[in-house]
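Undergrad: Sharing a structure below in structure tokens format, with a few things to ask.
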Amino acid sequence: MESEPNMIPQPFISRKNKILAELSTPDAEYSDLSPKGSVDEGIRDLIQDINILPGLVTTSSCAGRISVFLEGRRGSNPSEEANAGEGRKFVPSGGKGAGKWLYVSHEPLNMESCDMEFNGNEGKKSLLELFGMVPGDGKPPSVDKEGHAPRLVRFHFEPMILHIMTATLRHAQPVLSAASSSGFRESGLQSLRCLDGGEGPSPIVAVRSAGLALESVIGYCEYDGNGNDDEGHGVIRSLVTEEYLQLLVSMSNERFLTNTERKKRFRAALLNACSMDQPSETKGKSKPPGWEDAETRRERKRAEGLAKKKLLEQQTKQANGKSGFEDQEGLLDTLDT
């Protein structure tokens, strides 16, 4: 039976079982709220390793991604925005809600392979085309005559983000420690409502690293005046050159490598922390055979050094014919005692 500090509340067990049941759904039937609609391949193994640990279960995740996102249209005034409906809400930095994903990849973007994938082997496809944009004049857009603010296109690199529900604050501690030590330094508890006790929300740890993220405005949607730009009308123009997009992709690919290294370190640190015995259980255990404290070891090393020095002196004397075998035999008798 588990000790009292490690008791797992029944509400958490019920939530975990429900989440695991959803994750066990066949890929053809599974769907979630992410643009991809399923668990990223690059994080599946980590999620499985976490979910077998007592007191932990993942609730959402992203392995890391490159994305290009077109914002939803902002209304010219609050009343217009309120009456425009859910599809007209402004999304400031890309993500869930109004707007349109122009490109998403959860792996480094390899231009040589994507030429074949997206252009049917008919020639080189530029990043502008891949992201669904046309060249612009480099001039930033202004508010149009109807008062509509420009809809911006944002390029993102986002590192791994992982939300882990924990049974208690005690179970959250090794997750936070592993996240911090492996480079996800902006990790933390998402909410402190769990401190109320009872059957309320379980603590959720957000594992994240904002310092590795990258964001840049690269284009805008030229409004065509028909009021249907959310449905795909209008022209998406670039504010930057092809070379600048190549630089952003190159930087993102490098950050993918760092993200993968941190993810591996986090997995190792978390599994190690959860497998270790509690400190209270290790205190008072008998010392292993041959164990020495620092002072005893220091004295032993000193005595061995002096003995070796004396032996060398005796060997030198013997080589010079100034000593016999009896001297060495006497020294060895001394060392044996």
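Going by the structure tokens order, chains are called A, B, ..., each with residues numbered from 1, while ligands are numbered from 1 in the order shown.
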Please identify all polymer residues within 10 Å of Arg15 (chain A), counting only C-alpha atoms, omitting same-chain residues fewer than 2 positions from it, and present them as a count of residues only.
TA: 14
Undergrad: List as a list in words the protein and nucleic acid residues near Ser182 (chain A), meaning an atom at most 12 Å away when only C-alpha atoms are counted, but skip any in the same chain fewer than 4 places from it.
TA: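 Neighbouring residues, sequence-local ones excluded: Val175, Leu176, Ser177, Ala178, Glu186, Ser187, Val207, Arg208, Ser209, Thr258, Asn259, Thr260, Glu261, Arg262, Lys263, Lys264, Arg265, Phe266, Arg267, Ala268, Ala269 and Leu270 of chain A.
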Undergrad: Nearest to Ile8 (chain A): which of A:Gly136, A:Glu22, A:Leu169, A:Ser67 is it, counting only C-alpha atoms?
TA: A:Leu169
Undergrad: I want to know what sits within 8 Å of Ser61 (chain A), based on only C-alpha atoms, with residues of the same chain fewer than 3 positions away left out; could you give that as a list in words?
TA: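 Answer for this query is Val39, Asp40, Ile43, Thr58, Met160, Ile161, Leu162 and His163 of chain A.
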Undergrad: Write a file of the selected residues as a compact mmCIF listing (two decimals), in the first residue's frame, keeping C-alpha atoms.
TA:
# COMPACT_ATOMS: atom_id res chain seq x y z
CA VAL A 39 -0.60 13.41 -31.41
CA ASP A 40 2.69 14.43 -33.04
CA ILE A 43 6.46 13.08 -29.02
CA THR A 58 -0.42 14.20 -20.30
CA MET A 160 8.03 21.45 -27.42
CA ILE A 161 5.22 22.28 -25.04
CA LEU A 162 3.72 19.64 -22.81
CA HIS A 163 0.98 19.81 -20.19
Undergrad: Env of Pro140 (chain A): 10 Å cut, atoms = only C-alpha atoms, seq-sep filter 2 positions within chain, self excluded. Answer as a VMD selection string.
TA: chain A and resid 136 to 138 142 150 152 219 to 220 238 to 239
